[in-house]
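Peer 1: I am sharing data.txt, which consists of compact mmCIF, C-alpha atoms:
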```txt
# COMPACT_ATOMS: atom_id res chain seq x y z
CA MET G 1253 45.65 -0.76 -32.23
CA ALA G 1254 44.65 2.09 -29.95
CA LEU G 1255 41.49 1.84 -27.86
CA ASN G 1256 39.26 4.81 -27.11
CA LEU G 1257 38.18 4.41 -23.50
CA LEU G 1258 35.40 6.52 -22.04
CA VAL G 1259 35.96 7.45 -18.41
CA SER G 1260 32.91 8.68 -16.52
CA PRO G 1261 31.79 9.00 -12.90
CA ALA G 1262 29.46 6.47 -11.24
CA PRO G 1263 26.92 5.02 -11.61
CA HIS G 1264 28.23 2.68 -14.30
CA ILE G 1265 25.26 0.28 -14.37
CA ARG G 1266 22.33 1.72 -16.28
CA ASP G 1267 19.03 0.54 -17.72
CA ASN G 1268 16.01 1.98 -19.47
CA SER G 1269 13.83 2.27 -16.37
CA THR G 1270 12.35 5.70 -15.69
CA THR G 1271 10.14 6.98 -12.93
CA SER G 1272 7.17 7.31 -15.28
CA ARG G 1273 7.68 3.79 -16.65
CA ILE G 1274 7.82 2.30 -13.16
CA MET G 1275 4.73 4.21 -12.06
CA LEU G 1276 2.84 3.11 -15.17
CA ASP G 1277 3.76 -0.51 -14.51
CA VAL G 1278 2.38 -0.31 -10.98
CA ILE G 1279 -0.78 1.37 -12.25
CA ILE G 1280 -1.21 -1.40 -14.84
CA ALA G 1281 -0.72 -3.97 -12.08
CA LEU G 1282 -3.60 -2.36 -10.15
CA ILE G 1283 -6.08 -2.61 -13.04
CA PRO G 1284 -7.24 -6.16 -12.14
CA ALA G 1285 -8.04 -4.97 -8.61
CA LEU G 1286 -10.00 -2.02 -10.01
CA ALA G 1287 -11.97 -4.32 -12.30
CA ALA G 1288 -12.71 -6.62 -9.34
CA ALA G 1289 -13.80 -3.64 -7.22
CA ILE G 1290 -16.26 -2.47 -9.88
CA TRP G 1291 -17.65 -6.01 -10.16
CA ILE G 1292 -17.99 -6.37 -6.37
CA PHE G 1293 -19.04 -2.87 -5.28
CA GLY G 1294 -20.45 -1.29 -8.44
CA ILE G 1295 -19.61 1.74 -10.53
CA ARG G 1296 -19.12 3.95 -7.47
CA ALA G 1297 -15.79 2.20 -6.92
CA ALA G 1298 -14.60 3.56 -10.27
CA LEU G 1299 -16.01 6.99 -9.48
CA VAL G 1300 -14.18 7.24 -6.14
CA THR G 1301 -10.97 6.12 -7.85
CA CYS G 1302 -11.35 8.71 -10.62
CA ILE G 1303 -12.02 11.48 -8.09
CA CYS G 1304 -8.91 10.54 -6.11
CA VAL G 1305 -6.71 10.41 -9.21
CA VAL G 1306 -7.94 13.76 -10.56
CA SER G 1307 -7.61 15.37 -7.11
CA CYS G 1308 -4.05 14.13 -6.56
CA VAL G 1309 -2.95 15.27 -10.02
CA PHE G 1310 -4.59 18.67 -9.52
CA PHE G 1311 -3.04 19.26 -6.10
CA GLU G 1312 0.42 18.32 -7.37
CA TRP G 1313 0.05 20.59 -10.44
CA ALA G 1314 -1.31 23.49 -8.37
CA PHE G 1315 1.39 23.23 -5.69
CA ASN G 1316 4.18 23.23 -8.27
CA LYS G 1317 2.50 26.07 -10.16
CA ILE G 1318 2.18 28.25 -7.06
CA LEU G 1319 5.79 27.65 -6.00
CA LYS G 1320 7.01 27.94 -9.62
CA ARG G 1321 8.49 24.47 -9.54
CA LYS G 1322 8.83 22.04 -12.41
CA ASN G 1323 5.57 20.34 -13.40
CA THR G 1324 5.87 16.73 -12.22
CA ILE G 1325 2.44 15.31 -12.99
CA PHE G 1326 3.77 13.42 -16.01
CA ASP G 1327 5.87 11.12 -13.86
CA PHE G 1328 2.49 9.57 -12.92
CA SER G 1329 3.36 9.34 -9.23
CA ALA G 1330 0.33 11.49 -8.36
CA VAL G 1331 -1.89 9.20 -10.43
CA LEU G 1332 -0.56 6.17 -8.54
CA THR G 1333 -1.08 7.89 -5.19
CA GLY G 1334 -4.70 8.59 -6.14
CA VAL G 1335 -5.36 4.98 -7.14
CA ILE G 1336 -3.78 3.48 -4.02
CA LEU G 1337 -5.54 5.94 -1.72
CA ALA G 1338 -8.89 5.17 -3.36
CA PHE G 1339 -8.23 1.44 -2.94
CA ASN G 1340 -7.77 2.07 0.80
CA LEU G 1341 -11.17 3.74 1.20
CA PRO G 1342 -14.68 2.32 1.67
CA VAL G 1343 -16.80 2.62 -1.46
CA THR G 1344 -19.32 4.70 0.52
CA ILE G 1345 -16.79 7.40 1.46
CA PRO G 1346 -18.16 10.93 0.86
CA PHE G 1347 -16.43 12.47 -2.11
CA TRP G 1348 -15.29 15.54 -0.19
CA GLN G 1349 -13.54 13.35 2.35
CA ALA G 1350 -11.75 11.48 -0.43
CA ILE G 1351 -10.58 14.83 -1.83
CA PHE G 1352 -9.37 15.86 1.63
CA GLY G 1353 -7.36 12.64 1.81
CA CYS G 1354 -5.76 13.42 -1.54
CA PHE G 1355 -4.79 16.88 -0.27
CA VAL G 1356 -3.11 15.35 2.77
CA ALA G 1357 -1.29 12.74 0.68
CA VAL G 1358 0.04 15.05 -2.00
CA ILE G 1359 0.62 18.32 -0.16
CA PHE G 1360 1.45 17.40 3.43
CA VAL G 1361 3.16 14.03 2.99
CA LYS G 1362 4.81 14.45 -0.40
CA GLN G 1363 5.28 18.02 -1.64
CA LEU G 1364 6.08 19.76 1.66
CA PHE G 1365 9.00 17.37 2.06
CA GLY G 1366 10.34 18.24 -1.39
CA GLY G 1367 8.36 15.99 -3.71
CA LEU G 1368 8.86 12.46 -4.97
CA GLY G 1369 11.95 10.82 -3.53
CA LYS G 1370 12.08 13.01 -0.43
CA ASN G 1371 8.93 11.99 1.46
CA PHE G 1372 9.63 9.94 4.58
CA ALA G 1373 6.37 7.97 4.46
CA ASN G 1374 4.02 6.50 1.89
CA PRO G 1375 1.57 9.32 0.99
CA ALA G 1376 -1.50 7.11 0.46
CA VAL G 1377 -0.94 5.09 3.63
CA THR G 1378 -0.42 8.20 5.74
CA ALA G 1379 -3.49 9.89 4.27
CA ARG G 1380 -5.59 6.82 5.07
CA ILE G 1381 -4.50 6.95 8.71
CA VAL G 1382 -5.28 10.68 8.92
CA MET G 1383 -8.71 10.05 7.41
CA PHE G 1384 -9.35 7.18 9.80
CA LEU G 1385 -8.60 9.45 12.76
CA ALA G 1386 -10.59 12.35 11.33
CA PHE G 1387 -13.60 10.41 9.97
CA PRO G 1388 -13.85 7.19 12.00
CA VAL G 1389 -17.49 6.50 11.14
CA THR G 1390 -17.34 6.85 7.35
CA MET G 1391 -13.94 5.16 7.23
CA THR G 1392 -15.33 2.04 8.93
CA THR G 1393 -18.65 1.72 7.13
CA TRP G 1394 -18.47 -1.36 4.91
CA VAL G 1395 -20.92 -2.27 2.17
CA LEU G 1396 -21.49 -5.95 1.48
CA PRO G 1397 -20.78 -7.15 -2.08
CA PHE G 1398 -23.50 -6.66 -4.71
CA ASP G 1399 -25.68 -4.83 -2.15
CA THR G 1400 -26.20 -1.55 -0.34
CA VAL G 1401 -26.45 -3.18 3.07
CA THR G 1402 -23.59 -2.60 5.47
CA GLY G 1403 -21.96 -5.41 7.41
CA ALA G 1404 -18.85 -6.59 9.24
CA THR G 1405 -15.55 -7.29 7.53
CA PRO G 1406 -13.84 -10.69 7.84
CA LEU G 1407 -11.24 -9.20 10.20
CA SER G 1408 -13.97 -8.07 12.58
CA GLU G 1409 -15.39 -11.58 12.60
CA LEU G 1410 -11.97 -13.17 13.07
CA LEU G 1411 -11.38 -10.93 16.09
CA TYR G 1412 -14.44 -12.45 17.79
CA VAL G 1413 -13.01 -15.91 17.14
CA PHE G 1414 -9.61 -14.94 18.53
CA LYS G 1415 -11.24 -13.66 21.72
CA GLY G 1416 -13.03 -16.99 22.12
CA GLU G 1417 -16.51 -15.55 21.66
CA PRO G 1418 -19.19 -17.74 20.03
CA TYR G 1419 -19.42 -16.59 16.45
CA SER G 1420 -20.30 -18.14 13.10
CA LEU G 1421 -18.10 -16.90 10.25
CA SER G 1422 -20.00 -15.63 7.21
CA PHE G 1423 -17.24 -16.38 4.70
CA ASN G 1424 -15.02 -19.15 3.41
CA THR G 1425 -11.57 -19.30 1.83
CA TRP G 1426 -12.92 -19.05 -1.71
CA ASN G 1427 -14.99 -15.94 -0.88
CA LEU G 1428 -11.93 -14.31 0.63
CA PHE G 1429 -9.71 -15.16 -2.34
CA LEU G 1430 -12.18 -13.77 -4.87
CA GLY G 1431 -12.98 -10.75 -2.70
CA VAL G 1432 -16.69 -11.37 -2.19
CA HIS G 1433 -16.89 -9.69 1.20
CA GLY G 1434 -16.94 -6.25 2.79
CA GLY G 1435 -13.84 -4.09 2.83
CA CYS G 1436 -12.06 -1.20 1.15
CA ILE G 1437 -12.41 -0.70 -2.58
CA GLY G 1438 -9.20 -2.33 -3.76
CA GLU G 1439 -8.24 -4.67 -0.95
CA THR G 1440 -10.81 -7.47 -1.09
CA SER G 1441 -9.82 -9.55 -4.15
CA GLU G 1442 -6.58 -11.40 -3.46
CA LEU G 1443 -6.86 -13.02 -6.89
CA ALA G 1444 -6.70 -9.62 -8.58
CA LEU G 1445 -3.89 -8.38 -6.34
CA LEU G 1446 -1.83 -11.52 -6.94
CA THR G 1447 -2.29 -11.03 -10.68
CA GLY G 1448 -0.81 -7.57 -10.32
CA PHE G 1449 1.99 -8.95 -8.13
CA ILE G 1450 2.97 -11.47 -10.80
CA TYR G 1451 3.01 -8.70 -13.42
CA LEU G 1452 5.33 -6.57 -11.27
CA LEU G 1453 7.67 -9.51 -10.74
CA ILE G 1454 7.78 -10.27 -14.45
CA ARG G 1455 8.52 -6.61 -15.17
CA ARG G 1456 11.11 -6.61 -12.34
CA VAL G 1457 9.54 -3.53 -10.84
CA ILE G 1458 9.60 -4.81 -7.26
CA SER G 1459 11.46 -7.43 -5.26
CA PRO G 1460 9.36 -10.26 -3.79
CA LEU G 1461 11.23 -10.06 -0.47
CA ILE G 1462 9.03 -7.53 1.35
CA PRO G 1463 5.65 -9.02 0.30
CA LEU G 1464 6.78 -12.57 1.08
CA ALA G 1465 8.28 -11.61 4.44
CA PHE G 1466 5.23 -9.52 5.34
CA ILE G 1467 2.54 -12.00 4.32
CA GLY G 1468 4.50 -15.07 5.38
CA THR G 1469 5.17 -13.76 8.88
CA VAL G 1470 1.52 -12.78 9.36
CA PHE G 1471 0.52 -16.30 8.35
CA ILE G 1472 2.98 -17.94 10.74
CA LEU G 1473 1.98 -15.79 13.71
CA THR G 1474 -1.77 -16.09 13.18
CA ALA G 1475 -1.52 -19.83 12.46
CA LEU G 1476 0.34 -20.31 15.75
CA ALA G 1477 -2.41 -18.35 17.49
CA GLY G 1478 -5.42 -20.11 15.99
CA GLY G 1479 -4.44 -22.88 13.59
CA ILE G 1480 -3.69 -23.20 9.87
CA GLU G 1481 -7.19 -22.23 8.72
CA PHE G 1482 -7.16 -19.21 11.02
CA GLY G 1483 -3.84 -18.17 9.49
CA ILE G 1484 -5.16 -18.57 5.94
CA PHE G 1485 -8.21 -16.49 6.78
CA HIS G 1486 -5.99 -13.74 8.21
CA ILE G 1487 -3.70 -13.37 5.20
CA LEU G 1488 -6.69 -13.30 2.85
CA SER G 1489 -8.52 -10.67 4.93
CA GLY G 1490 -8.17 -6.92 5.19
CA GLY G 1491 -5.56 -4.91 3.36
CA LEU G 1492 -2.61 -7.26 3.82
CA PHE G 1493 -2.05 -8.11 0.13
CA LEU G 1494 -2.68 -4.54 -1.02
CA GLY G 1495 -0.35 -3.15 1.62
CA ALA G 1496 2.38 -5.76 1.25
CA ILE G 1497 2.52 -5.67 -2.55
CA PHE G 1498 1.75 -2.07 -3.45
CA CYS G 1499 2.48 0.08 -0.37
CA ALA G 1500 5.29 -1.57 1.58
CA THR G 1501 7.37 -1.93 -1.61
CA ASP G 1502 7.41 1.80 -2.35
CA TYR G 1503 10.92 2.64 -3.59
CA VAL G 1504 11.21 5.82 -1.56
CA THR G 1505 9.96 4.66 1.83
CA SER G 1506 11.04 1.01 2.05
CA ALA G 1507 14.40 -0.57 2.88
CA GLN G 1508 17.00 -0.66 0.12
CA THR G 1509 19.08 -3.76 0.89
CA ASN G 1510 17.86 -7.35 0.60
CA THR G 1511 18.42 -7.98 4.31
CA GLY G 1512 16.70 -4.71 5.09
CA LYS G 1513 13.70 -5.65 2.96
CA VAL G 1514 13.24 -8.87 4.95
CA ILE G 1515 13.55 -6.99 8.25
CA PHE G 1516 11.12 -4.37 6.99
CA GLY G 1517 8.56 -6.99 5.96
CA ILE G 1518 8.83 -8.93 9.22
CA GLY G 1519 8.52 -5.71 11.22
CA CYS G 1520 5.36 -4.75 9.31
CA ALA G 1521 3.92 -8.20 10.00
CA LEU G 1522 4.64 -8.11 13.74
CA ILE G 1523 2.95 -4.73 14.16
CA THR G 1524 0.02 -5.76 11.97
CA VAL G 1525 -0.68 -8.89 14.02
CA LEU G 1526 -0.34 -7.05 17.34
CA ILE G 1527 -2.87 -4.43 16.25
CA ARG G 1528 -5.24 -7.04 14.78
CA PHE G 1529 -5.23 -9.05 17.99
CA TYR G 1530 -5.01 -6.38 20.67
CA GLY G 1531 -5.81 -3.00 19.12
CA ASN G 1532 -9.07 -1.10 19.10
CA TYR G 1533 -9.18 -1.40 15.32
CA PRO G 1534 -9.18 -4.84 13.66
CA GLU G 1535 -6.77 -3.83 10.88
CA GLY G 1536 -3.16 -2.77 11.37
CA VAL G 1537 -1.49 -2.85 7.95
CA SER G 1538 -1.42 0.91 7.35
CA PHE G 1539 -0.18 1.71 10.86
CA ALA G 1540 2.49 -0.97 10.54
CA ILE G 1541 3.79 0.35 7.21
CA LEU G 1542 3.88 3.94 8.47
CA PHE G 1543 5.78 2.93 11.61
CA MET G 1544 8.31 0.89 9.63
CA ASN G 1545 8.69 3.75 7.12
CA MET G 1546 10.07 5.83 9.96
CA LEU G 1547 12.60 3.11 10.81
CA VAL G 1548 13.89 2.72 7.24
CA PRO G 1549 16.93 5.04 7.67
CA PHE G 1550 18.08 2.93 10.62
CA ILE G 1551 17.41 -0.35 8.80
CA ASN G 1552 19.38 0.85 5.79
CA ARG G 1553 22.22 2.01 8.00
CA LEU G 1554 22.45 -1.35 9.76
CA THR G 1555 22.21 -3.50 6.64
CA TYR G 1556 24.33 -1.67 4.08
CA LYS G 1557 27.43 -3.69 3.22
CA LYS G 1558 30.63 -1.80 3.75
CA ALA G 1559 32.87 -1.60 0.68
CA LEU G 1560 36.24 -3.28 0.98
CA GLY G 1561 38.57 -0.84 2.66
CA GLY G 1562 35.77 1.67 3.21
CA LYS G 1563 34.09 2.97 6.31
CA TYR G 1564 30.80 4.61 7.22
CA LYS G 1565 30.68 8.34 7.73
```
Please express what this file holds, its structure, as structure tokens.

Peer 2:
Amino acid sequence: MALNLLVSPAPHIRDNSTTSRIMLDVIIALIPALAAAIWIFGIRAALVTCICVVSCVFFEWAFNKILKRKNTIFDFSAVLTGVILAFNLPVTIPFWQAIFGCFVAVIFVKQLFGGLGKNFANPAVTARIVMFLAFPVTMTTWVLPFDTVTGATPLSELLYVFKGEPYSLSFNTWNLFLGVHGGCIGETSELALLTGFIYLLIRRVISPLIPLAFIGTVFILTALAGGIEFGIFHILSGGLFLGAIFCATDYVTSAQTNTGKVIFGIGCALITVLIRFYGNYPEGVSFAILFMNMLVPFINRLTYKKALGGKYK
């Protein structure tokens, strides 16, 4: 009996995943954090998020329209960029500054490099850093939960403790886990972010290697510096969970091999801890991710397994 064999070029392993499906899964995973943000900071958290999403989608549509490129807004990558950028902003951020950040993320970091898949760095992370440098006052003004009064973030308080200064912490582990403290819109509730993380793992959208290496290394280093409780406080503070789960795992700008993912996560953690302890700014997650994004080509090069009988070009 004759067999009809189909011969085709690689790749030979296929599945039903599409860019839009992956982006939608990540957006769904961020919904618990958005709900927590609205509960903690009020309806303005939703408003800032909506403004960022609409702005990112508009800038991507307009850029492609002007350059007569294919319309890519339906891959939902611009929507995801808007949500993640909003989650990295204080709830009190002026709307025009949020729109400026969206312009930087979509036009300068993404589209000028050729669009999705060609950007060297995470658009939302890079835009946050640009905004921090351009608007240092509004980007570091934190509103306390359920109030309009500004106050310090847990990381600021932990820095006083690390320096050995007399200081009474205003939070506990439970407050940090639920997110009842000052911070950016989408970074405070670790419970909500972990819920999204579990969803992404179930959907097999991301690998757990980068988040576990990132968060685990931060815990080890900070625990060695100040004890177990100090380490727990550090991993539950700031944008560590948001950055490790939703920014550092970006398909385009993170390492591709399993070994590379671990190296990438550990590298992010080392830079984060150094900045938290010795920098002028108590948070270092965004700077760490951006720096490691630039090292990804080298990490991939060093960790790719050579095929039997093959050689690198």

Peer 1: How far is it from CA of Ile1480 (chain G) to CA of Arg1528 (chain G), in Å with one decimal?

Peer 2: 17.0 Å

Peer 1: By how many Å are CA of Leu1337 (chain G) and CA of Gly1512 (chain G) apart?

Peer 2: 25.6 Å

Peer 1: Any idea what's packed within 10 Å of Phe1498 (chain G), counting all atoms listed in the file, ignoring anything in its chain fewer than 4 positions away? Could you give it as a PyMOL selection string?

Peer 2: chain G and resi 1278-1279+1281-1282+1332+1336+1445+1448-1449+1452+1458+1463+1492-1494+1502

Peer 1: With distances taken over all atoms listed in the file, which of G:Leu1488, G:Cys1499, G:Leu1554, G:Val1395 is nearest to Arg1380 (chain G)?

Peer 2: G:Cys1499

Peer 1: With only C-alpha atoms counted, which protein, DNA or RNA residues have an atom no more than 12 Å from (11.4, 2.6, -4.9) in the file frame? Please answer as a ChimeraX atom specification.

Peer 2: /G:1269-1271,1274-1275,1278,1329,1368-1371,1373-1374,1456-1459,1498-1509,1513

Peer 1: Kindly give the distance, in Å, that separates CA of Glu1535 (chain G) and CA of Phe1384 (chain G), rounded to a single decimal.

Peer 2: 11.4 Å

Peer 1: Taking all atoms listed in the file into account, name the residue in G:Asn1427, G:Asn1552, G:Thr1440, G:Thr1469 that is nearest to Ile1523 (chain G).

Peer 2: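 Comparing G:Asn1427, G:Asn1552, G:Thr1440, G:Thr1469 against Ile1523 (chain G), the winner is G:Thr1469.
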
Peer 1: Pick out the closest residue to Pro1284 (chain G) from this set: G:Ser1489, G:Asn1510, G:Leu1464, G:Gly1431. Count all atoms listed in the file.

Peer 2: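 The answer is G:Gly1431, which sits nearest to Pro1284 (chain G).
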
Peer 1: Give me the residues near Trp1348 (chain G) as a PyMOL selection string, where near means some atom within 12 Å (using only C-alpha atoms) and where sequence neighbours in that chain fewer than 3 positions away do not count.

Peer 2: chain G and resi 1300+1303-1304+1307+1344-1345+1351-1355+1383+1387+1390

Peer 1: Pick the closest to Thr1378 (chain G) from G:Tyr1451, G:Phe1423, G:Phe1360, G:Tyr1530: which is it, counting all atoms listed in the file?

Peer 2: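 Using all atoms listed in the file, Thr1378 (chain G) sits closest to G:Phe1360.
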